[in-house]
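Accompanying notes for the structure given below.
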Amino acid sequence: VATDFSDAADLAIERSLRLARALDAELCVLHVFNDGVWRTLMNVFDVGSWRGPEPAILAREELSRRAAGLAARTGVRVRAECLTGAAAERIATFAASERARLLVVGQRGENAVNDLILGSTALKVLSRATVPVLLAREEPLADYARVLVATDYSDCSRRLANAVPQLFPAAECTLLNAYVVPYEGRMRLAGADDAAIESFRARERQAAETGMAAFVASLPDVPAERYERRLAHGFPAAAILECAASMATDLIAIGRHGGSPTEERLLGSITQNVLYHAQNDLLLMP
């Protein structure tokens, strides 16, 4: 779990503690001290009058103190790591080098002025990480009870569907596939009536049902009954958000990339829509 000692990071830490306890896993609390930001402050403000040790030393000491307190309070194995550099890059690289099962980040940090919806560091971490990333938004009052897993039957979706039951063994899990009739609007403009459109929708739903059955069968480590299956007609992002709301979902899980690679430089277009509009915690699979 990454922390910059902000309130949002504290929410991420509390969620991480719950997950670590449920999985009997070690929790590594990581702070990245951005020395470039500190040099900028030195140039802008009269920091010479600020008496005290170097900020990097203070950050390391504060992190160690907090990690020890978390371990004592919860009984979870907690390790503190303090690095220096650009936060997003160091966080993503460290998670990969540690072969972490999961990387947890808060929605916004202490410097979220440039982005009113999602902190810029969190967004960069989401786009760079090579391990699953959990974006913690809500106060973790309980373990996750209901997880909605979006699937387009891709390899990324398959990795996601395999990982979710392992990461959240006590949660109810639902697979959702959203289907549409390609160019339905143009068909109507060309004169297609409601009956014709409905026949095309029925055909797409049948294809979605067949795809769902094949997808579940391709998950050898996940019992078929582990997932409830749902199909929804409509634009995928809207369908995911509507289904999450109707199910009172605790967590939405989705592949990091969706749509054509040319549609978005950092994250897939569907993923970005869900990321910015969902109120839930979000799990992203690279």
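All residue names refer to the structure tokens as shown: chains lettered A, B, ... in order, residues numbered from 1 in each chain, ligands numbered from 1 in order.
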**Request:** Using only C-alpha atoms, determine which residues lie at most 10 Å from range 214-230 of chain A, disregarding the query and same-chain residues fewer than 2 positions distant; provide the list as number ranges by chain.
**Result:** A: 147-155, 157-159, 161-166, 169, 171-178, 208-212, 232, 243
Create the file for the chosen residues now, containing C-alpha atoms and written as an mmCIF file, in the first residue's frame.
data_model
loop_
_atom_site.group_PDB
_atom_site.id
_atom_site.type_symbol
_atom_site.label_atom_id
_atom_site.label_comp_id
_atom_site.auth_asym_id
_atom_site.auth_seq_id
_atom_site.Cartn_x
_atom_site.Cartn_y
_atom_site.Cartn_z
ATOM 1 C CA VAL A 147 -17.674 -7.843 -6.124
ATOM 2 C CA LEU A 148 -18.765 -7.069 -9.684
ATOM 3 C CA VAL A 149 -16.303 -8.355 -12.297
ATOM 4 C CA ALA A 150 -16.654 -6.863 -15.771
ATOM 5 C CA THR A 151 -15.629 -9.162 -18.606
ATOM 6 C CA ASP A 152 -15.270 -8.879 -22.346
ATOM 7 C CA TYR A 153 -13.972 -12.478 -22.478
ATOM 8 C CA SER A 154 -10.398 -11.269 -23.140
ATOM 9 C CA ASP A 155 -7.208 -12.684 -21.622
ATOM 10 C CA SER A 157 -10.630 -10.459 -18.123
ATOM 11 C CA ARG A 158 -9.642 -14.082 -17.590
ATOM 12 C CA ARG A 159 -6.737 -13.097 -15.343
ATOM 13 C CA ALA A 161 -11.763 -13.497 -13.006
ATOM 14 C CA ASN A 162 -9.146 -15.948 -11.749
ATOM 15 C CA ALA A 163 -7.664 -13.448 -9.285
ATOM 16 C CA VAL A 164 -10.813 -12.034 -7.670
ATOM 17 C CA PRO A 165 -11.951 -15.188 -5.801
ATOM 18 C CA GLN A 166 -8.410 -15.641 -4.488
ATOM 19 C CA PRO A 169 -12.518 -15.446 -0.867
ATOM 20 C CA ALA A 171 -17.174 -12.147 -1.235
ATOM 21 C CA GLU A 172 -20.100 -12.893 -3.531
ATOM 22 C CA CYS A 173 -18.807 -12.500 -7.094
ATOM 23 C CA THR A 174 -20.759 -11.602 -10.221
ATOM 24 C CA LEU A 175 -19.524 -11.710 -13.802
ATOM 25 C CA LEU A 176 -21.033 -9.069 -16.078
ATOM 26 C CA ASN A 177 -20.819 -8.859 -19.843
ATOM 27 C CA ALA A 178 -22.362 -5.905 -21.657
ATOM 28 C CA ALA A 208 -22.963 -13.170 -25.268
ATOM 29 C CA GLU A 209 -24.483 -16.185 -23.476
ATOM 30 C CA THR A 210 -22.333 -18.569 -25.495
ATOM 31 C CA GLY A 211 -19.274 -16.462 -24.793
ATOM 32 C CA MET A 212 -20.045 -16.356 -21.072
ATOM 33 C CA ALA A 232 -26.702 -6.432 -19.953
ATOM 34 C CA CYS A 243 -25.385 -3.013 -12.316
#
**Long-range neighbours of range 129-135 of chain A as a PyMOL selection string, 8 Å cut-off, only C-alpha atoms, 2 positions minimum in chain** = chain A and resi 12+92-93+95-96+99-107+125-127+137+281-286
**Message:** So that I can see what lies close to Leu70 in chain A, please list as a PyMOL selection string the residues with an atom at most 12 Å from it, counting only C-alpha atoms and leaving out residues fewer than 5 positions away in the same chain.
**Reply:** chain A and resi 10+13-14+16-18+20-21+27-29+63-65+75-80
Would you save the residues from that selection as an mmCIF file, in the first residue's frame, using N, CA, C and O atoms?
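Output contents, as saved in out23.cif:
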data_model
loop_
_atom_site.group_PDB
_atom_site.id
_atom_site.type_symbol
_atom_site.label_atom_id
_atom_site.label_comp_id
_atom_site.auth_asym_id
_atom_site.auth_seq_id
_atom_site.Cartn_x
_atom_site.Cartn_y
_atom_site.Cartn_z
ATOM 1 N N ASP A 10 -4.651 7.021 4.253
ATOM 2 C CA ASP A 10 -5.037 6.305 5.478
ATOM 3 C C ASP A 10 -6.187 5.343 5.204
ATOM 4 O O ASP A 10 -6.236 4.239 5.760
ATOM 5 N N ILE A 13 -4.699 2.355 3.587
ATOM 6 C CA ILE A 13 -3.993 1.522 4.563
ATOM 7 C C ILE A 13 -4.981 0.674 5.358
ATOM 8 O O ILE A 13 -4.752 -0.529 5.577
ATOM 9 N N GLU A 14 -6.071 1.267 5.803
ATOM 10 C CA GLU A 14 -7.056 0.506 6.575
ATOM 11 C C GLU A 14 -7.655 -0.622 5.734
ATOM 12 O O GLU A 14 -7.887 -1.724 6.241
ATOM 13 N N SER A 16 -6.102 -2.104 3.278
ATOM 14 C CA SER A 16 -5.009 -3.067 3.118
ATOM 15 C C SER A 16 -4.859 -3.944 4.341
ATOM 16 O O SER A 16 -4.561 -5.148 4.229
ATOM 17 N N LEU A 17 -5.040 -3.365 5.511
ATOM 18 C CA LEU A 17 -4.946 -4.152 6.745
ATOM 19 C C LEU A 17 -6.013 -5.239 6.772
ATOM 20 O O LEU A 17 -5.741 -6.383 7.170
ATOM 21 N N ARG A 18 -7.234 -4.895 6.357
ATOM 22 C CA ARG A 18 -8.302 -5.893 6.315
ATOM 23 C C ARG A 18 -7.955 -7.027 5.346
ATOM 24 O O ARG A 18 -8.144 -8.210 5.650
ATOM 25 N N ALA A 20 -4.931 -7.925 4.225
ATOM 26 C CA ALA A 20 -3.775 -8.689 4.697
ATOM 27 C C ALA A 20 -4.179 -9.670 5.789
ATOM 28 O O ALA A 20 -3.705 -10.817 5.830
ATOM 29 N N ARG A 21 -5.064 -9.230 6.672
ATOM 30 C CA ARG A 21 -5.515 -10.107 7.750
ATOM 31 C C ARG A 21 -6.325 -11.282 7.182
ATOM 32 O O ARG A 21 -6.146 -12.425 7.599
ATOM 33 N N LEU A 27 1.926 -7.048 4.911
ATOM 34 C CA LEU A 27 1.578 -5.747 4.341
ATOM 35 C C LEU A 27 2.821 -4.877 4.319
ATOM 36 O O LEU A 27 3.433 -4.630 5.359
ATOM 37 N N CYS A 28 3.181 -4.416 3.131
ATOM 38 C CA CYS A 28 4.293 -3.487 2.990
ATOM 39 C C CYS A 28 3.724 -2.090 2.792
ATOM 40 O O CYS A 28 2.981 -1.842 1.837
ATOM 41 N N VAL A 29 4.052 -1.186 3.703
ATOM 42 C CA VAL A 29 3.612 0.203 3.612
ATOM 43 C C VAL A 29 4.747 1.003 2.984
ATOM 44 O O VAL A 29 5.849 1.090 3.551
ATOM 45 N N LEU A 63 7.179 6.954 8.908
ATOM 46 C CA LEU A 63 6.681 5.728 8.300
ATOM 47 C C LEU A 63 6.946 4.532 9.212
ATOM 48 O O LEU A 63 6.065 3.685 9.411
ATOM 49 N N SER A 64 8.151 4.458 9.770
ATOM 50 C CA SER A 64 8.494 3.351 10.666
ATOM 51 C C SER A 64 7.605 3.362 11.904
ATOM 52 O O SER A 64 7.143 2.304 12.367
ATOM 53 N N ARG A 65 7.369 4.561 12.437
ATOM 54 C CA ARG A 65 6.525 4.675 13.626
ATOM 55 C C ARG A 65 5.103 4.201 13.327
ATOM 56 O O ARG A 65 4.498 3.453 14.098
ATOM 57 N N GLY A 75 -2.114 -6.903 14.607
ATOM 58 C CA GLY A 75 -1.495 -8.213 14.551
ATOM 59 C C GLY A 75 -1.043 -8.616 13.164
ATOM 60 O O GLY A 75 -0.522 -9.716 12.956
ATOM 61 N N VAL A 76 -1.230 -7.739 12.171
ATOM 62 C CA VAL A 76 -0.781 -8.002 10.799
ATOM 63 C C VAL A 76 0.734 -7.796 10.711
ATOM 64 O O VAL A 76 1.293 -6.914 11.370
ATOM 65 N N ARG A 77 1.385 -8.595 9.906
ATOM 66 C CA ARG A 77 2.818 -8.405 9.653
ATOM 67 C C ARG A 77 2.979 -7.181 8.753
ATOM 68 O O ARG A 77 2.566 -7.204 7.591
ATOM 69 N N VAL A 78 3.573 -6.129 9.278
ATOM 70 C CA VAL A 78 3.687 -4.864 8.547
ATOM 71 C C VAL A 78 5.154 -4.499 8.389
ATOM 72 O O VAL A 78 5.921 -4.522 9.362
ATOM 73 N N ARG A 79 5.534 -4.164 7.176
ATOM 74 C CA ARG A 79 6.898 -3.742 6.867
ATOM 75 C C ARG A 79 6.862 -2.352 6.254
ATOM 76 O O ARG A 79 5.987 -2.055 5.431
ATOM 77 N N ALA A 80 7.791 -1.501 6.629
ATOM 78 C CA ALA A 80 7.867 -0.135 6.100
ATOM 79 C C ALA A 80 8.999 -0.031 5.085
ATOM 80 O O ALA A 80 10.099 -0.552 5.317
#
**Message:** Could you pull out the strand (DSSP E) residues of range 181-258 of chain A, going by DSSP on the backbone, and write them as a ChimeraX atom specification?
**Reply:** /A:227-233,251-255
Take the residues just selected and output them with C-alpha atoms as a JSON list (two decimals), in the first residue's frame.
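Everything below was put into again_16.json:
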[["chain", "number", "residue", "atom", "x", "y", "z"],
["A", 227, "TYR", "CA", -19.68, -16.65, -10.07],
["A", 228, "GLU", "CA", -23.19, -15.40, -10.67],
["A", 229, "ARG", "CA", -23.52, -14.52, -14.36],
["A", 230, "ARG", "CA", -25.22, -11.44, -15.77],
["A", 231, "LEU", "CA", -25.68, -10.02, -19.24],
["A", 232, "ALA", "CA", -26.70, -6.43, -19.95],
["A", 233, "HIS", "CA", -27.58, -4.68, -23.18],
["A", 251, "LEU", "CA", -16.01, -3.35, -5.38],
["A", 252, "ILE", "CA", -15.92, -3.12, -9.17],
["A", 253, "ALA", "CA", -13.21, -5.17, -10.89],
["A", 254, "ILE", "CA", -12.26, -4.37, -14.49],
["A", 255, "GLY", "CA", -9.37, -4.77, -16.90]]
**Asked** Using only C-alpha atoms, which residue out of A:Ala213, A:Val181, A:Ala88, A:Leu11 lies closest to His31 in chain A?
**Response** A:Ala88
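You will find CA of Leu275 in chain A at 21.4 Å from CA of Leu19 in chain A.
CA of Asn280 in chain A is positioned 10.3 Å from CA of Glu139 in chain A.
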**Request:** Output as an MDAnalysis selection string all residues of range 178-272 of chain A that backbone DSSP marks as helix (DSSP H, G or I).
**Result:** chainID A and resid 184:189 194:217 224:226 236:246 269:272
**Request:** Using only C-alpha atoms, pick whichever of A:Ala245, A:Leu167, A:Ala238, A:Cys156 has the shortest atom-to-atom distance to Val274 in chain A.
**Result:** A:Ala238
**Prompt:** What gap, in Å, lies between CA of Ala278 in chain A and CA of Ala170 in chain A?
**Reply:**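 Result for CA of Ala278 in chain A versus CA of Ala170 in chain A: 22.7 Å, one decimal.
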**Asked** Looking at only C-alpha atoms, which of A:Ala239, A:Pro182, A:Ala207, A:Phe168 is the one that sits closest to Ala22 in chain A?
**Response** A:Phe168
